[in-house]
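Asks: Before we start, here is the structure in question, set down as structure tokens.
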Amino acid sequence: MTARLLDGPVPAAGAESLADHRARLGDLPGRAERSPLIAMLESAGLLGRGGAGFPVGRKWASVAGRAKGDAVVLANGAESEPLSHKDRVLMASRPHLVIDGLELAAEAVGARRGVLYVGSEHTQALAALERALDERAASPSRLVPRVPISIATPPVSYVAGEESAAVHFVNAGDARPTTVPPRPYEKGVGGKPTLVQNVESLAHAALIARYGDAWYREAGRAETPGTALVTVTGGARPGVVEIDLGTTIGEVAQWAGVTAGEGSPVLLGGYFGGLLAGAEAWRLPLDPSVLRSHGTALGAGVVAFMGDEVCGVTTTARIMDYMAGSSAAQCGPCVFGLRAIADASARIAMGQARQDDLPRLRGWSQSIAGRGACRLPDGATGLLASSLRIYDADWAAHQHHRRCLVRSGMARATA
Amino acid sequence: MSMRRALDSGLRLEVDRITCDAYGACAELLPEGIDLDEWGYPIVAPGNVPLHLVELARRAVDSCPVLALRLVKAQAPIAVGLPPPAPVLAARPDRTEGTPPWPPRPASKSPKRAPGGRRPR
């Protein structure tokens, strides 16, 4: 567990002041000493931390390479994933690192405006960022050109964190996704090319600007360099931890005090992610490229251990109900498909399955992905498909015998 | 029956999912490439429209009452912007199950639909 973003005082100590931030990390190097940051981010190999894992340097280059006009940087701290806490912990404890990253990004891509887009439920993070902006306004340092930064607070909603929804909210007060293209990097806030970047990614960029790409690459134990914030639940010590990429799922379980047996199911990535199980899965390194080759992903950095006493069918049904309720009610396959999935899952979970519920669920788990303006249906059906596989025996027992293997004390067969 | 390989038009059909209102006219006019799900929303066959179906595809586009269907130039995947999401399952096919592929070009002008056409529902 390498502390970089979370080096210094423990997050529970609250927001780090500007003075403490400078005393601990030093000022950003002046413009003359700074290497071109975009090239440095590319060679550092920093991947975006909002869920999709897109290379940060390439994303910045795409906005910087626009034909004309100015641009906008939107720091995405919506953190609408219910199982994730890492962004709000970062914003609440290291607000200046996030704002450093936002200002550096604005300079690098030639933006004249910054937006801190923070879920309205993250009250500590909002207070910390507001105070940090005030501190900076009162401070004389001008090492990085200041841009006007506003704070936008979307309502609590799962899709609010999606990048086109973020742009839509800032433009029109409506935090629902829009049809892409045009994507935000082409046409975003105020119609200008907009870099939408997760707050953790920006904080890493602020450290890379100080210490360099070679330093960034010193951390990491498998293929992808660097550290990552992950949110761990399901153990005796849940919380947010900074790991070296490549740390295994089993090591994270140990850190979090997970008592469930090795190989018990774990939800990786959050509600947009998928379930894994088996001793082999626990040996997987949390590394985007290794995980991709195993057909899974770290997503927004959620590692949620399910525990052996949890009925996977009931948990999945609850998540499907949440996802159906999260639909922005814009696209038919999502509105009707996710509701149908949630209803059938609930019937099966409660022992009231109709004869064809399970086969229909299997069909929907494949037929709805890719048919929405955003990826909500893809996320929901991806999780469902993984649950149908990992909890196969549980689904079958619920459907055919109207009984729960967990409640009836039967050992569950994990895949 | 011998099949000729269908020529690629370099165009593909794109649905604006927010605008689409399940009128279903597209599937009426182009059953070779558009199926409807149980709620009436289109499932488009993956890949580009074969050349011999482009005219029908245009008619499907023109007939959409809410203009939710477009025929667009197929591009190489955009280098920038969010990649497909993370997800999560090797086992997940990259297209929807049961979506029929575009049918091969029939050898004759026989009105019989080529096999692999619209899935019976």
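The chains in the structure tokens are called A, B, ... from first to last as shown; in each chain the residues are counted from 1, and the ligands are counted from 1 in the order shown.
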With a distance cut-off of 12 Å and only C-alpha atoms, select the neighbouring residues of Asp356 (chain A), excluding the residue or stretch itself and same-chain residues fewer than 3 positions from it, and output the selection as number ranges by chain.
Replies: A: 344-345, 347-348, 352-353, 359-363, 396, 399-400
Asks: What would the file look like if the residues just selected were written as a PDB file, in the first residue's frame with N, CA and C atoms?
Replies:
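Full text of again_6.pdb as output:
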```
ATOM      1  N   ALA A 344     -38.301  -9.268 -12.833  1.00  0.00           N
ATOM      2  CA  ALA A 344     -38.101 -10.721 -12.885  1.00  0.00           C
ATOM      3  C   ALA A 344     -37.104 -11.154 -11.802  1.00  0.00           C
ATOM      4  N   SER A 345     -36.044 -10.371 -11.612  1.00  0.00           N
ATOM      5  CA  SER A 345     -35.062 -10.707 -10.575  1.00  0.00           C
ATOM      6  C   SER A 345     -35.721 -10.713  -9.202  1.00  0.00           C
ATOM      7  N   ARG A 347     -38.894 -11.221  -8.469  1.00  0.00           N
ATOM      8  CA  ARG A 347     -39.770 -12.389  -8.329  1.00  0.00           C
ATOM      9  C   ARG A 347     -38.952 -13.634  -8.003  1.00  0.00           C
ATOM     10  N   ILE A 348     -37.861 -13.808  -8.733  1.00  0.00           N
ATOM     11  CA  ILE A 348     -37.033 -14.992  -8.491  1.00  0.00           C
ATOM     12  C   ILE A 348     -36.469 -14.949  -7.066  1.00  0.00           C
ATOM     13  N   GLN A 352     -41.031 -16.219  -6.041  1.00  0.00           N
ATOM     14  CA  GLN A 352     -42.288 -16.109  -6.769  1.00  0.00           C
ATOM     15  C   GLN A 352     -42.060 -16.109  -8.268  1.00  0.00           C
ATOM     16  N   ALA A 353     -41.046 -16.850  -8.697  1.00  0.00           N
ATOM     17  CA  ALA A 353     -40.668 -16.816 -10.102  1.00  0.00           C
ATOM     18  C   ALA A 353     -41.771 -17.349 -10.988  1.00  0.00           C
ATOM     19  N   PRO A 359     -34.991 -17.965 -17.870  1.00  0.00           N
ATOM     20  CA  PRO A 359     -34.521 -17.900 -19.260  1.00  0.00           C
ATOM     21  C   PRO A 359     -34.666 -16.513 -19.878  1.00  0.00           C
ATOM     22  N   ARG A 360     -35.735 -15.814 -19.537  1.00  0.00           N
ATOM     23  CA  ARG A 360     -35.883 -14.467 -20.091  1.00  0.00           C
ATOM     24  C   ARG A 360     -34.806 -13.545 -19.544  1.00  0.00           C
ATOM     25  N   LEU A 361     -34.479 -13.715 -18.274  1.00  0.00           N
ATOM     26  CA  LEU A 361     -33.410 -12.917 -17.678  1.00  0.00           C
ATOM     27  C   LEU A 361     -32.091 -13.158 -18.423  1.00  0.00           C
ATOM     28  N   ARG A 362     -31.847 -14.424 -18.743  1.00  0.00           N
ATOM     29  CA  ARG A 362     -30.621 -14.734 -19.491  1.00  0.00           C
ATOM     30  C   ARG A 362     -30.620 -14.033 -20.846  1.00  0.00           C
ATOM     31  N   GLY A 363     -31.769 -14.043 -21.502  1.00  0.00           N
ATOM     32  CA  GLY A 363     -31.862 -13.368 -22.796  1.00  0.00           C
ATOM     33  C   GLY A 363     -31.612 -11.872 -22.674  1.00  0.00           C
ATOM     34  N   ALA A 396     -30.792 -21.033  -9.993  1.00  0.00           N
ATOM     35  CA  ALA A 396     -31.575 -22.213 -10.354  1.00  0.00           C
ATOM     36  C   ALA A 396     -32.444 -22.667  -9.180  1.00  0.00           C
ATOM     37  N   GLN A 399     -35.309 -20.262  -8.812  1.00  0.00           N
ATOM     38  CA  GLN A 399     -36.281 -20.345  -9.900  1.00  0.00           C
ATOM     39  C   GLN A 399     -37.069 -21.657  -9.828  1.00  0.00           C
ATOM     40  N   HIS A 400     -36.357 -22.765  -9.693  1.00  0.00           N
ATOM     41  CA  HIS A 400     -37.025 -24.057  -9.862  1.00  0.00           C
ATOM     42  C   HIS A 400     -37.579 -24.617  -8.558  1.00  0.00           C
TER      43      HIS A 400
END
```
Asks: Would you mind listing what lies within 7 Å of region 33-40 of chain B as an NGL selection string, with only C-alpha atoms counted and same-chain residues fewer than 2 positions away left out?
Replies: :B and (22 or 24 or 26-27 or 30-31 or 42-45 or 102 or 118)
Asks: Given the selection you just returned, output its residues as a file containing N, CA and C atoms, formatted as a tab-separated table (two decimals), in the first residue's frame.
Replies:
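Wrote again30.tsv, looks like this:
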```tsv
chain	number	residue	atom	x	y	z
B	22	ALA	N	-40.09	3.77	-30.92
B	22	ALA	CA	-40.63	2.44	-31.18
B	22	ALA	C	-41.79	2.45	-32.16
B	24	GLY	N	-41.35	1.47	-35.24
B	24	GLY	CA	-41.14	0.19	-35.91
B	24	GLY	C	-41.15	0.23	-37.42
B	26	CYS	N	-38.90	1.18	-39.40
B	26	CYS	CA	-37.61	0.75	-39.93
B	26	CYS	C	-37.56	-0.77	-40.10
B	27	ALA	N	-38.10	-1.48	-39.12
B	27	ALA	CA	-38.06	-2.94	-39.20
B	27	ALA	C	-39.00	-3.46	-40.28
B	30	LEU	N	-36.92	-2.74	-43.51
B	30	LEU	CA	-35.59	-3.37	-43.63
B	30	LEU	C	-35.46	-4.53	-42.65
B	31	PRO	N	-36.30	-5.53	-42.82
B	31	PRO	CA	-36.23	-6.65	-41.87
B	31	PRO	C	-34.91	-7.40	-41.96
B	42	PRO	N	-35.74	-1.03	-31.90
B	42	PRO	CA	-34.93	-1.72	-32.90
B	42	PRO	C	-33.65	-2.34	-32.37
B	43	ILE	N	-33.34	-3.49	-32.93
B	43	ILE	CA	-32.04	-4.14	-32.74
B	43	ILE	C	-31.40	-4.18	-34.12
B	44	VAL	N	-30.33	-3.44	-34.28
B	44	VAL	CA	-29.72	-3.32	-35.60
B	44	VAL	C	-28.63	-4.36	-35.75
B	45	ALA	N	-28.60	-5.01	-36.90
B	45	ALA	CA	-27.54	-5.99	-37.15
B	45	ALA	C	-26.19	-5.29	-37.07
B	102	TRP	N	-26.23	-9.23	-41.11
B	102	TRP	CA	-26.77	-8.86	-42.40
B	102	TRP	C	-26.73	-10.10	-43.29
B	118	ARG	N	-34.48	-12.15	-41.05
B	118	ARG	CA	-35.08	-11.77	-39.79
B	118	ARG	C	-35.41	-12.98	-38.93
```
Asks: Which of these residues is nearest to Pro101 (chain B), using only C-alpha atoms: B:Arg59, B:Leu29, B:Leu69, B:Gly47?
Replies: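 Smallest distance to Pro101 (chain B) is found for B:Gly47.
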Asks: Would you kindly report the residues of chain A within 8 Å of chain B, using only C-alpha atoms, as a PyMOL selection string?
Replies: chain A and resi 51-54+58-59+62+178-179+183-185+272-274+292+294-299+330-333+336+363+366-369+371-373+375+379+382-383+385-386
Asks: Looking only at the backbone, which of the residues in region 107-325 of chain A does DSSP tag as strand (DSSP E or B), as a VMD selection string?
Replies: chain A and resid 111 to 118 149 to 152 194 to 198 227 to 233 239 to 244 248 266 to 268 274 to 276 285 302 to 305
Asks: Show which residues sit within 8 Å of Arg318 (chain A), as a PyMOL selection string. Count only C-alpha atoms, and ignore same-chain residues fewer than 4 positions away.
Replies: chain A and resi 314+322+342+346
Asks: Take the residues that were just selected and, keeping C-alpha atoms, output them as a short mmCIF file (atom, residue, chain, number, x, y, z; two decimals), in the first residue's frame.
Replies:
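Contents of the output file result-v5.cif:
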```
data_model
loop_
_atom_site.label_atom_id
_atom_site.label_comp_id
_atom_site.auth_asym_id
_atom_site.auth_seq_id
_atom_site.Cartn_x
_atom_site.Cartn_y
_atom_site.Cartn_z
CA THR A 314 -31.27 -11.20 -3.60
CA TYR A 322 -31.54 0.36 -8.25
CA ALA A 342 -35.54 -5.81 -12.04
CA ALA A 346 -37.24 -9.63 -7.65
#
```
Asks: Near Arg4 (chain A), counting only C-alpha atoms, which residues have an atom at most 12 Å away, once you skip same-chain residues fewer than 4 positions from it, shown as a short mmCIF file (atom, residue, chain, number, x, y, z; two decimals) with C-alpha atoms, in the first residue's frame?
Replies:
```
data_model
loop_
_atom_site.label_atom_id
_atom_site.label_comp_id
_atom_site.auth_asym_id
_atom_site.auth_seq_id
_atom_site.Cartn_x
_atom_site.Cartn_y
_atom_site.Cartn_z
CA GLY A 8 0.54 13.00 4.74
CA PRO A 9 -2.17 13.35 7.36
CA VAL A 10 -4.83 10.65 7.45
CA ARG A 24 4.35 19.07 2.35
CA LEU A 25 4.57 18.89 -1.44
CA LEU A 90 -9.83 12.53 -1.94
CA ARG A 94 -6.74 16.76 -0.55
CA LEU A 97 -4.19 18.46 -5.09
CA GLU A 200 -8.40 11.26 -8.92
CA ALA A 203 -4.68 14.64 -8.56
CA HIS A 204 -2.25 12.10 -10.04
CA ALA A 205 -1.43 14.59 -12.79
CA ALA A 206 -0.61 17.20 -10.14
CA LEU A 207 1.94 14.82 -8.59
CA ILE A 208 3.40 13.84 -11.95
CA TYR A 211 7.92 14.58 -9.55
CA TRP A 215 8.74 8.70 -10.46
CA TYR A 216 5.13 7.80 -11.27
CA GLU A 218 8.16 3.45 -9.78
CA ALA A 219 4.90 2.27 -8.23
CA GLY A 226 1.21 3.80 -10.54
CA THR A 227 -1.10 3.71 -7.58
CA ALA A 228 -4.88 3.84 -7.36
CA LEU A 229 -7.50 4.65 -4.79
CA VAL A 241 -7.06 2.64 0.46
CA GLU A 242 -4.34 3.59 -2.00
CA ILE A 243 -2.81 0.51 -3.56
CA ASP A 244 0.00 -0.15 -5.94
#
```
Asks: In Å, rounded to a single decimal, give me how far CA of Ser17 (chain A) is from CA of Ser150 (chain A).
Replies: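 For CA of Ser150 (chain A) relative to CA of Ser17 (chain A), the distance reads 19.4 Å.
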Asks: Return as number ranges by chain the full set of residues in region 202-367 of chain A whose backbone-based DSSP assignment is alpha helix (DSSP H).
Replies: A: 202-211, 213-217, 249-256, 279-282, 288-293, 312-326, 332-349, 357-367
Asks: For CA of Ala125 (chain A) and CA of Val159 (chain A), quote the distance in Å rounded to one decimal.
Replies: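 So the two atoms, CA of Ala125 (chain A) and CA of Val159 (chain A), lie 19.6 Å apart.
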